[in-house]
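Engineer: So here's coords.txt (compact mmCIF, C-alpha atoms).
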# COMPACT_ATOMS: atom_id res chain seq x y z
CA MET A 1 0.00 0.00 0.00
CA THR A 2 1.39 3.40 -0.91
CA THR A 3 1.43 6.21 1.62
CA ASP A 4 -0.37 9.46 0.86
CA TRP A 5 2.36 11.75 2.13
CA THR A 6 0.40 14.91 1.39
CA SER A 7 -2.21 14.00 3.99
CA LEU A 8 0.41 13.90 6.75
CA THR A 9 1.40 16.95 8.77
CA ASP A 10 5.02 17.99 9.22
CA GLY A 11 4.87 16.64 12.77
CA GLN A 12 3.64 13.25 11.62
CA LEU A 13 6.28 13.05 8.90
CA TRP A 14 9.00 14.07 11.34
CA SER A 15 7.93 11.47 13.89
CA ARG A 16 7.92 8.80 11.23
CA ALA A 17 11.29 9.82 9.84
CA ALA A 18 12.93 9.99 13.28
CA ALA A 19 11.33 6.89 14.82
CA GLU A 20 11.55 4.57 11.81
CA ARG A 21 14.48 6.15 9.98
CA ASP A 22 12.07 6.59 7.10
CA GLY A 23 13.94 8.32 4.29
CA GLU A 24 10.79 8.80 2.24
CA ALA A 25 9.08 10.69 5.07
CA PHE A 26 12.12 12.91 5.44
CA GLY A 27 12.20 13.32 1.67
CA GLU A 28 8.63 14.62 1.73
CA LEU A 29 9.59 17.19 4.37
CA PHE A 30 12.54 18.15 2.19
CA ALA A 31 10.29 18.62 -0.84
CA ARG A 32 7.86 20.76 1.15
CA HIS A 33 10.41 23.20 2.50
CA VAL A 34 13.53 23.06 0.35
CA ASN A 35 12.80 26.20 -1.64
CA ALA A 36 11.91 28.26 1.42
CA VAL A 37 15.22 27.20 2.99
CA TYR A 38 17.15 27.80 -0.25
CA ASN A 39 15.82 31.34 -0.63
CA HIS A 40 16.32 32.10 3.06
CA CYS A 41 19.98 31.03 2.79
CA PHE A 42 20.38 33.25 -0.28
CA ARG A 43 18.92 36.25 1.55
CA ARG A 44 21.36 35.69 4.42
CA THR A 45 24.48 35.20 2.25
CA GLY A 46 23.81 37.01 -1.05
CA SER A 47 25.18 34.01 -2.97
CA TRP A 48 23.11 31.42 -4.83
CA ALA A 49 26.03 28.94 -4.89
CA ALA A 50 26.52 29.21 -1.14
CA ALA A 51 22.75 29.02 -0.62
CA GLU A 52 22.64 25.75 -2.52
CA ASP A 53 25.39 24.20 -0.43
CA LEU A 54 23.92 25.59 2.77
CA THR A 55 20.49 24.16 1.94
CA SER A 56 22.02 20.73 1.94
CA VAL A 57 23.82 21.56 5.19
CA VAL A 58 20.54 22.67 6.80
CA PHE A 59 18.69 19.44 6.10
CA LEU A 60 21.62 17.28 7.14
CA GLU A 61 22.00 19.34 10.32
CA ALA A 62 18.25 19.14 10.93
CA TRP A 63 18.46 15.38 10.74
CA ARG A 64 21.49 15.30 13.02
CA LYS A 65 19.67 17.49 15.58
CA ARG A 66 16.36 15.70 15.18
CA ARG A 67 15.92 15.25 18.92
CA ASP A 68 15.94 19.05 19.41
CA VAL A 69 13.20 19.79 16.89
CA ARG A 70 10.63 22.47 17.82
CA LEU A 71 7.40 22.55 15.84
CA ALA A 72 5.48 25.82 15.50
CA GLY A 73 1.93 24.49 15.37
CA GLU A 74 2.28 21.77 12.78
CA SER A 75 5.00 23.41 10.72
CA ILE A 76 8.65 22.49 10.89
CA LEU A 77 9.71 25.39 8.66
CA PRO A 78 10.47 27.87 11.49
CA TRP A 79 12.84 25.36 13.06
CA LEU A 80 14.51 24.66 9.69
CA LEU A 81 15.03 28.39 9.23
CA ALA A 82 16.55 28.56 12.71
CA VAL A 83 18.99 25.81 11.69
CA ALA A 84 19.61 27.83 8.51
CA ASN A 85 20.38 30.94 10.57
CA ASN A 86 23.04 29.02 12.47
CA ALA A 87 24.44 27.53 9.29
CA THR A 88 24.67 30.89 7.51
CA ARG A 89 26.16 32.58 10.59
CA ASN A 90 28.91 29.96 10.57
CA ALA A 91 28.91 29.50 6.81
CA ASP A 92 32.63 28.78 6.51
CA ARG A 93 32.60 26.12 9.19
CA SER A 94 29.30 24.64 7.96
CA LEU A 95 30.57 24.31 4.40
CA ARG A 96 33.91 22.78 5.43
CA ARG A 97 32.06 20.22 7.49
CA HIS A 98 29.63 19.64 4.64
CA HIS A 99 32.47 18.89 2.24
CA ARG A 100 33.88 16.35 4.67
CA LEU A 101 30.41 14.80 4.95
CA LEU A 102 30.03 14.65 1.17
CA ALA A 103 33.16 12.56 1.03
CA ARG A 104 31.42 9.69 2.79
CA LEU A 105 28.02 9.90 1.11
CA PRO A 106 27.18 8.20 -2.15
CA GLU A 107 25.52 10.97 -4.16
CA PRO A 108 27.41 13.86 -5.73
CA THR A 109 26.09 17.41 -5.69
CA ALA A 110 24.69 18.42 -9.05
CA VAL A 111 24.39 22.06 -10.01
CA PRO A 112 23.18 23.80 -13.15
CA ASP A 113 25.52 25.19 -15.74
CA ILE A 114 26.76 28.50 -14.40
CA ALA A 115 26.55 29.97 -17.89
CA GLU A 116 22.85 29.15 -18.10
CA ASP A 117 21.63 32.25 -16.30
CA ALA A 118 24.79 33.59 -14.76
CA ALA A 119 23.98 37.19 -15.61
CA SER A 120 20.64 37.26 -13.82
CA ARG A 121 22.07 35.37 -10.85
CA ALA A 122 24.89 37.89 -10.64
CA ASP A 123 22.37 40.77 -10.80
CA GLU A 124 20.35 39.22 -7.98
CA GLU A 125 23.46 38.63 -5.90
CA ARG A 126 24.55 42.25 -6.34
CA ALA A 127 21.09 43.46 -5.33
CA MET A 128 21.01 41.19 -2.29
CA ARG A 129 24.51 42.25 -1.20
CA ARG A 130 23.40 45.88 -1.32
CA VAL A 131 20.48 45.03 0.95
CA LEU A 132 22.73 43.05 3.30
CA ALA A 133 25.18 45.95 3.38
CA GLU A 134 22.38 48.25 4.49
CA LEU A 135 21.31 45.77 7.15
CA ARG A 136 24.82 45.65 8.60
CA ALA A 137 23.83 48.70 10.62
CA LEU A 138 21.45 46.44 12.58
CA GLY A 139 22.44 43.89 15.19
CA GLU A 140 22.31 40.19 14.32
CA PRO A 141 19.10 39.64 16.38
CA GLU A 142 17.37 42.40 14.40
CA ARG A 143 18.65 41.05 11.09
CA GLU A 144 17.31 37.62 12.00
CA VAL A 145 13.78 38.85 12.67
CA ILE A 146 13.76 40.86 9.44
CA ALA A 147 14.85 37.74 7.53
CA LEU A 148 12.30 35.50 9.25
CA VAL A 149 9.26 37.79 9.39
CA ASP A 150 9.60 40.31 6.56
CA TRP A 151 11.37 38.08 4.04
CA ALA A 152 10.45 34.46 4.87
CA GLY A 153 6.91 35.41 5.93
CA LEU A 154 6.84 33.73 9.34
CA SER A 155 4.30 34.92 11.88
CA TYR A 156 5.53 36.45 15.14
CA ALA A 157 4.77 33.18 16.94
CA GLU A 158 6.65 31.12 14.35
CA ALA A 159 9.63 33.47 14.47
CA ALA A 160 9.58 33.23 18.26
CA THR A 161 9.72 29.44 17.99
CA ALA A 162 12.55 29.64 15.48
CA LEU A 163 14.59 31.98 17.64
CA GLY A 164 13.70 30.40 20.97
CA VAL A 165 12.56 33.75 22.44
CA PRO A 166 9.19 35.09 23.63
CA VAL A 167 6.81 36.59 21.07
CA GLY A 168 7.18 39.98 22.77
CA THR A 169 10.91 39.91 22.07
CA VAL A 170 10.26 39.27 18.39
CA ARG A 171 7.86 42.24 18.33
CA SER A 172 10.31 44.58 20.00
CA ARG A 173 13.27 43.48 17.84
CA LEU A 174 11.20 43.90 14.72
CA ALA A 175 9.96 47.33 15.76
CA ARG A 176 13.52 48.39 16.53
CA ALA A 177 14.80 47.00 13.22
CA ARG A 178 12.08 48.65 11.17
CA GLU A 179 12.65 51.96 12.91
CA GLN A 180 16.35 51.84 12.12
CA LEU A 181 15.60 50.84 8.55
CA ARG A 182 13.18 53.74 8.20
CA ASP A 183 15.96 56.07 9.29
CA ARG A 184 18.36 54.58 6.76
CA VAL A 185 15.76 54.72 4.02
CA ALA A 186 15.17 58.39 4.80
CA GLU A 187 18.92 59.03 4.72
CA ALA A 188 19.20 57.19 1.41
CA ALA A 189 16.34 59.26 -0.02
CA ASP A 190 18.09 62.48 1.03
CA SER A 191 21.43 61.44 -0.42
CA PRO A 192 22.28 62.35 -4.05
CA ALA A 193 22.78 58.67 -4.97
CA PRO A 194 19.95 56.65 -3.42
CA VAL A 195 21.08 53.15 -2.50
CA THR A 196 17.96 51.07 -2.84
CA PRO A 197 14.28 51.78 -3.42
CA VAL A 198 11.82 50.90 -0.70
CA THR A 199 8.55 49.03 -0.84
CA PRO A 200 5.78 48.57 1.67
CA VAL A 201 5.81 45.33 3.61
CA THR A 202 2.60 43.73 4.80
CA PRO A 203 2.22 43.12 8.53
CA ALA A 204 3.38 39.74 9.75
CA SER A 205 0.92 36.94 9.17
CA PRO A 206 1.11 33.14 9.00
CA ALA A 207 3.78 31.94 6.60
CA SER A 208 1.28 30.29 4.30
CA GLN A 209 -0.42 33.64 3.67
CA ALA A 210 2.51 35.99 3.89
CA SER A 211 4.84 34.33 1.42
CA PRO A 212 2.70 33.35 -1.58
CA ALA A 213 5.59 33.92 -3.95
CA VAL A 214 7.70 31.36 -2.15
CA GLU A 215 4.87 28.85 -2.09
CA GLU A 216 4.02 29.29 -5.74
CA LYS A 217 7.57 29.03 -7.00
CA ALA A 218 8.24 26.09 -4.76
CA ARG A 219 5.76 23.95 -6.64
CA MET B 1 6.28 50.28 7.34
CA THR B 2 9.32 50.00 5.08
CA SER B 3 11.96 47.47 4.30
CA PHE B 4 14.49 46.81 1.59
CA PRO B 5 13.13 44.65 -1.22
CA THR B 6 14.87 41.37 -1.97
CA PRO B 7 15.33 39.66 -5.36
CA PRO B 8 12.56 37.31 -6.51
CA VAL B 9 12.58 33.78 -5.16
CA ARG B 10 14.21 30.99 -7.14
CA THR B 11 13.50 27.28 -7.18
CA LEU B 12 16.42 25.03 -6.33
CA PRO B 13 17.59 23.49 -9.62
CA GLU B 14 15.77 20.19 -10.13
CA GLN B 15 18.95 18.19 -10.62
CA SER B 16 20.43 19.51 -7.37
CA ALA B 17 17.21 18.96 -5.43
CA ALA B 18 16.97 15.35 -6.61
CA ALA B 19 20.62 14.65 -5.71
CA MET B 20 20.18 16.27 -2.29
CA ARG B 21 17.03 14.26 -1.60
CA ARG B 22 18.74 10.99 -2.45
CA ARG B 23 21.69 11.90 -0.25
CA LEU B 24 19.40 12.75 2.66
CA ALA B 25 17.50 9.48 2.27
CA ALA B 26 20.83 7.62 2.43
CA GLU B 27 21.84 9.56 5.53
CA VAL B 28 18.51 8.90 7.25
CA ALA B 29 18.78 5.18 6.54
CA ARG B 30 22.37 5.04 7.85
CA LYS B 31 22.85 2.93 10.97
CA PRO B 32 23.72 5.14 13.95
CA GLY B 33 26.65 3.05 15.16
CA ARG B 34 28.37 3.28 11.81
CA ARG B 35 27.81 7.04 11.77
CA ARG B 36 29.48 7.55 15.13
CA LEU B 37 32.38 5.37 14.07
CA LEU B 38 32.83 7.35 10.88
CA PHE B 39 32.72 10.64 12.77
CA ALA B 40 35.36 9.36 15.14
CA ALA B 41 37.49 8.10 12.27
CA GLY B 42 36.99 11.42 10.46
CA GLY B 43 38.10 13.31 13.55
CA VAL B 44 41.23 11.23 13.81
CA LEU B 45 42.04 11.79 10.13
CA VAL B 46 41.45 15.54 10.39
CA ALA B 47 43.69 15.72 13.44
CA ALA B 48 46.30 13.66 11.66
CA GLY B 49 46.08 15.88 8.60
CA ALA B 50 46.90 18.89 10.75
CA THR B 51 50.26 17.45 11.69
CA ALA B 52 53.36 16.91 9.66
CA ALA B 53 53.00 13.19 10.21
CA GLY B 54 49.54 13.34 8.66
CA TYR B 55 51.01 14.67 5.44
CA ALA B 56 52.23 11.19 4.61
CA PHE B 57 48.62 10.00 4.35
CA VAL B 58 47.69 12.47 1.61
CA PRO B 59 48.45 10.93 -1.77
CA HIS B 60 50.66 13.09 -3.94
CA SER B 61 48.24 12.83 -6.83
CA GLN B 62 45.10 10.96 -7.77
CA PRO B 63 42.50 10.99 -10.55
CA VAL B 64 39.30 13.00 -10.44
CA THR B 65 36.63 10.36 -9.89
CA ASP B 66 33.53 12.55 -9.79
CA LYS B 67 33.14 14.72 -12.89
CA ASP B 68 29.51 15.67 -12.33
CA LEU B 69 30.79 19.01 -11.11
CA ALA B 70 33.95 20.92 -10.34
CA ARG B 71 34.79 23.86 -8.13
CA CYS B 72 36.62 26.98 -9.28
CA TYR B 73 38.31 28.86 -6.43
CA SER B 74 39.33 32.51 -6.51
CA VAL B 75 41.98 32.05 -3.83
CA ALA B 76 44.30 29.20 -2.82
CA SER B 77 42.35 28.39 0.33
CA LEU B 78 39.61 25.98 1.38
CA SER B 79 38.45 28.20 4.21
CA ALA B 80 38.15 31.64 2.66
CA GLY B 81 34.35 31.52 2.78
CA PRO B 82 31.45 30.91 0.43
CA GLN B 83 32.40 33.80 -1.87
CA SER B 84 35.74 32.19 -2.71
CA PHE B 85 34.48 29.40 -4.96
CA THR B 86 31.77 28.58 -7.41
CA SER B 87 30.50 25.21 -8.56
CA ILE B 88 30.27 24.40 -12.23
CA ALA B 89 28.52 21.64 -14.09
CA VAL B 90 27.74 20.92 -17.69
CA ALA B 91 24.15 21.51 -18.76
CA THR B 92 22.34 18.56 -20.32
CA PRO B 93 18.83 18.17 -21.72
CA ALA B 94 16.25 17.99 -18.92
CA ASN B 95 15.38 14.32 -19.45
CA SER B 96 18.81 13.01 -20.32
CA GLY B 97 18.84 10.87 -17.20
CA ARG B 98 22.27 11.82 -15.87
CA PRO B 99 24.27 14.97 -15.31
CA GLY B 100 26.84 16.14 -17.86
CA GLN B 101 30.51 15.58 -17.16
CA VAL B 102 33.08 18.29 -16.56
CA ALA B 103 35.84 16.82 -18.72
CA ASP B 104 38.28 19.73 -18.40
CA ALA B 105 37.83 21.45 -15.04
CA ARG B 106 40.94 23.60 -15.42
CA GLY B 107 39.91 24.83 -18.87
CA THR B 108 36.35 25.53 -17.77
CA CYS B 109 37.52 27.50 -14.75
CA ALA B 110 40.02 29.37 -16.92
CA SER B 111 37.17 30.49 -19.15
CA LEU B 112 35.28 31.79 -16.09
CA TRP B 113 38.38 33.78 -15.14
CA SER B 114 38.80 35.16 -18.65
CA GLN B 115 35.14 36.21 -18.80
CA GLY B 116 35.37 38.03 -15.48
CA PHE B 117 33.13 35.67 -13.46
CA LEU B 118 36.09 34.97 -11.16
CA ARG B 119 38.49 37.51 -9.70
CA ALA B 120 41.47 36.98 -7.41
CA GLY B 121 40.75 37.22 -3.69
CA PRO B 122 38.53 35.73 -1.02
CA GLN B 123 35.38 37.40 -2.42
CA GLY B 124 36.31 36.67 -6.02
CA ALA B 125 33.55 34.18 -6.81
CA GLY B 126 30.80 36.40 -5.42
CA ALA B 127 28.78 38.80 -7.48
CA PRO B 128 31.20 41.21 -9.16
CA SER B 129 30.83 44.93 -8.62
CA ALA B 130 30.47 45.32 -12.37
CA PRO B 131 28.68 42.83 -14.66
CA PRO B 132 30.94 40.16 -16.18
CA SER B 133 31.88 40.89 -19.77
CA PRO B 134 31.91 37.62 -21.74
CA GLY B 135 33.56 39.32 -24.72
CA ALA B 136 36.48 40.72 -22.74
CA ASN B 137 39.71 38.91 -21.94
CA HIS B 138 40.38 39.22 -18.23
CA PRO B 139 43.71 37.96 -16.91
CA VAL B 140 43.82 34.26 -16.04
CA PRO B 141 46.29 33.37 -13.28
CA PRO B 142 48.26 30.09 -13.29
CA LEU B 143 45.75 27.42 -12.27
CA VAL B 144 46.20 24.01 -10.72
CA THR B 145 43.68 21.21 -10.30
CA CYS B 146 43.54 19.40 -6.97
CA VAL B 147 41.13 16.66 -5.89
CA LEU B 148 38.66 17.19 -3.04
CA PRO B 149 37.91 14.32 -0.63
CA ASP B 150 34.67 13.53 -2.51
CA GLY B 151 36.64 12.98 -5.74
CA THR B 152 35.65 16.23 -7.47
CA ALA B 153 38.11 18.60 -9.08
CA ALA B 154 38.98 21.86 -7.33
CA VAL B 155 40.82 24.41 -9.46
CA PHE B 156 42.89 26.94 -7.51
CA PRO B 157 45.13 29.81 -8.57
CA GLY B 158 48.66 28.50 -7.96
CA ASP B 159 50.94 25.64 -8.92
CA LYS B 160 51.34 21.98 -7.85
CA SER B 161 52.73 23.01 -4.48
CA THR B 162 49.33 24.63 -3.81
CA CYS B 163 47.65 21.22 -3.59
CA THR B 164 50.29 20.03 -1.13
CA THR B 165 49.90 23.19 0.95
CA LEU B 166 46.15 22.63 1.11
CA GLY B 167 46.57 18.97 2.06
CA LEU B 168 44.97 17.81 -1.19
CA PRO B 169 46.33 15.49 -3.88
CA SER B 170 46.92 17.07 -7.26
CA ALA B 171 44.80 15.73 -10.12
CA THR B 172 46.29 13.25 -12.54
CA GLY B 173 45.39 12.95 -16.19
Translate the structure described by the file into structure tokens.
Structural biologist:
Amino acid sequence: MTTDWTSLTDGQLWSRAAAERDGEAFGELFARHVNAVYNHCFRRTGSWAAAEDLTSVVFLEAWRKRRDVRLAGESILPWLLAVANNATRNADRSLRRHHRLLARLPEPTAVPDIAEDAASRADEERAMRRVLAELRALGEPEREVIALVDWAGLSYAEAATALGVPVGTVRSRLARAREQLRDRVAEAADSPAPVTPVTPVTPASPASQASPAVEEKAR
Amino acid sequence: MTSFPTPPVRTLPEQSAAAMRRRLAAEVARKPGRRRLLFAAGGVLVAAGATAAGYAFVPHSQPVTDKDLARCYSVASLSAGPQSFTSIAVATPANSGRPGQVADARGTCASLWSQGFLRAGPQGAGAPSAPPSPGANHPVPPLVTCVLPDGTAAVFPGDKSTCTTLGLPSATG
């Protein structure tokens, strides 16, 4: 009898993967969240190549730390993004370890031809680096909430789960971050060479509603 | 409410996603005892590699066994960060069943250097400050091909002593 994976929640899949070492259950979780993790890693590093390697690191790390998993409701995505935050913060160490791990696993990494769309990837990386440069004025805790709530579309509660802090702390960090960003945006607007345009951001809402672009492209 | 906009989302390339998924399934199915043993053995080898005595265990040269991809580095270092290398592969038709093979890693990386996709330095494989110019001839430094532990080619600026310095065998053939 075949299993209808789509009818299972993240929690059910995780339990099955961890308890029975069920690779297919873990594969389904991977399929559900890989693109959200991939894009999150890109937004933290500004490099698609590093994001690809780090995505693999995140899922391998998630499996290694499976006993520490924290579900937000029924979604495992906030926890995966927390693992991604750690991996991107220690990108050098994570990637070195990943390369050692690859040496003992059977499947090689496969990546697309860099010439295929190198120009648009380079444009996106330049744009993302400009954004990350602007965000350097913020502290790491503020950058993390911007990445989780404004960019990845997590709700306050989900971001709180991911960061292991109270919801009130997420609110205050986000308010502080947005205030600082407003100041920088105003400065950029006053300067003769504006750095980056600004766009309105919708208030935080559940990930499934707040990040339709991610969901659509993931399919 | 304002924030800085980010580039549009991308989907992880299908080939990469499939390879990652297979690798994860293998890791999940791995017996825990074996994993711990391998970690311990890996730790011992890493420690040994850090000593002069460990040098004897690194082969002087060996063939590239995995040609599905290669890495082009902008600096002769394995630890300069994610902006110091880029992965390359050969595009194949979507349903060809297997990835293309990078037959000439050094030549392919040299062409990335000459087109301006790679520049010397620890950030040299990141997005350039100016768009690459495929028509232009940017300088290509002396390049050497070493072999990573997973059998893939890693092309560094430098000569054969670079592989030795990095604790990697140089590539044969």
Engineer: Return the single residue from B:Met20, B:Ala105, B:Val75, B:Ala120 that is closest to His138 in chain B, with distances computed using only C-alpha atoms.
Structural biologist: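 Comparing B:Met20, B:Ala105, B:Val75, B:Ala120 against His138 in chain B, the winner is B:Ala120.
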Engineer: If you measure from CA of Ala31 in chain A to CA of Ala18 in chain B, what distance in Å do you get, rounded to one decimal?
Structural biologist: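 Distance reported for this atom pair: 9.4 Å.
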Engineer: Name the closest residue to Ser79 in chain B among the candidates A:Asn85, A:Thr161, A:Ser7, A:Asn90; distances are taken between atoms, counting all atoms listed in the file.
Structural biologist: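 For Ser79 in chain B, the nearest of the candidates is A:Asn90.
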Engineer: Using Å and a single decimal, report how far CA of Arg184 in chain A sits from CA of Asn39 in chain A.
Structural biologist: 24.5 Å
Engineer: Given all atoms listed in the file as the basis, pick out the residue of B:Ala125, B:Cys72, B:Ala171, B:Ala29 nearest to Gly151 in chain B.
Structural biologist: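 Residue with the minimum atom-to-atom distance to Gly151 in chain B: B:Ala171.
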Engineer: With all atoms listed in the file as the atoms that count, which of B:Arg106, B:His60, B:Arg21, B:Lys67 lies nearest to chain A?
Structural biologist: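 Looking only at the distances to chain A, the closest residue turns out to be B:Arg21.
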Engineer: Could you tell me how far CA of Phe4 in chain B sits from CA of Glu187 in chain A, in Å to one decimal place?
Structural biologist: 13.4 Å
Engineer: Could you give me the axis-aligned bounding box of range 69-82 of chain A, with 6 Å of padding per side, as centre plus edge lengths in Å to one decimal, as AutoDock Vina command-line options?
Structural biologist:
--center_x 9.2 --center_y 24.2 --center_z 13.2 --size_x 26.6 --size_y 20.8 --size_z 21.2
Engineer: Near Thr55 in chain A, within 7 Å and counting all atoms listed in the file, which residues show up once chain neighbours fewer than 5 positions away are dropped, as a PyMOL selection string?
Structural biologist: chain A and resi 37-38+41
Engineer: I need the residue nearest Pro13 in chain B from this list: A:Val34, A:Ile146, A:Ala25, A:Leu135. Use all atoms listed in the file for the distance.
Structural biologist: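 When distances to Pro13 in chain B are compared using all atoms listed in the file, the smallest one comes from A:Val34.
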Engineer: Which residue, A:Ala147, A:Leu8, A:Leu13, A:Ala50, has the smallest gap to chain B when you use only C-alpha atoms?
Structural biologist: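 Residue with the minimum atom-to-atom distance to chain B: A:Ala50.
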Engineer: What's around Leu24 in chain B at 12 Å? Count all atoms listed in the file, leave out sequence neighbours fewer than 3 positions away in its own chain, and write the answer as a tab-separated table (two decimals) with C-alpha atoms, keeping the file's coordinate frame.
Structural biologist:
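The resulting file, result.tsv, is reproduced below:
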chain	number	residue	atom	x	y	z
A	17	ALA	CA	11.29	9.82	9.84
A	21	ARG	CA	14.48	6.15	9.98
A	22	ASP	CA	12.07	6.59	7.10
A	23	GLY	CA	13.94	8.32	4.29
A	24	GLU	CA	10.79	8.80	2.24
A	25	ALA	CA	9.08	10.69	5.07
A	26	PHE	CA	12.12	12.91	5.44
A	27	GLY	CA	12.20	13.32	1.67
A	28	GLU	CA	8.63	14.62	1.73
A	29	LEU	CA	9.59	17.19	4.37
A	30	PHE	CA	12.54	18.15	2.19
A	31	ALA	CA	10.29	18.62	-0.84
A	55	THR	CA	20.49	24.16	1.94
A	56	SER	CA	22.02	20.73	1.94
A	57	VAL	CA	23.82	21.56	5.19
A	58	VAL	CA	20.54	22.67	6.80
A	59	PHE	CA	18.69	19.44	6.10
A	60	LEU	CA	21.62	17.28	7.14
A	61	GLU	CA	22.00	19.34	10.32
A	62	ALA	CA	18.25	19.14	10.93
A	63	TRP	CA	18.46	15.38	10.74
A	64	ARG	CA	21.49	15.30	13.02
A	101	LEU	CA	30.41	14.80	4.95
A	102	LEU	CA	30.03	14.65	1.17
A	105	LEU	CA	28.02	9.90	1.11
A	106	PRO	CA	27.18	8.20	-2.15
A	107	GLU	CA	25.52	10.97	-4.16
A	108	PRO	CA	27.41	13.86	-5.73
A	109	THR	CA	26.09	17.41	-5.69
B	17	ALA	CA	17.21	18.96	-5.43
B	18	ALA	CA	16.97	15.35	-6.61
B	19	ALA	CA	20.62	14.65	-5.71
B	20	MET	CA	20.18	16.27	-2.29
B	21	ARG	CA	17.03	14.26	-1.60
B	27	GLU	CA	21.84	9.56	5.53
B	28	VAL	CA	18.51	8.90	7.25
B	29	ALA	CA	18.78	5.18	6.54
B	30	ARG	CA	22.37	5.04	7.85
Engineer: Give as a ChimeraX atom specification the set of residues within 7 Å of the point (33.4, 16.3, -10.8), where distances use the file's coordinates and only C-alpha atoms.
Structural biologist: /B:64-70,102,151-153
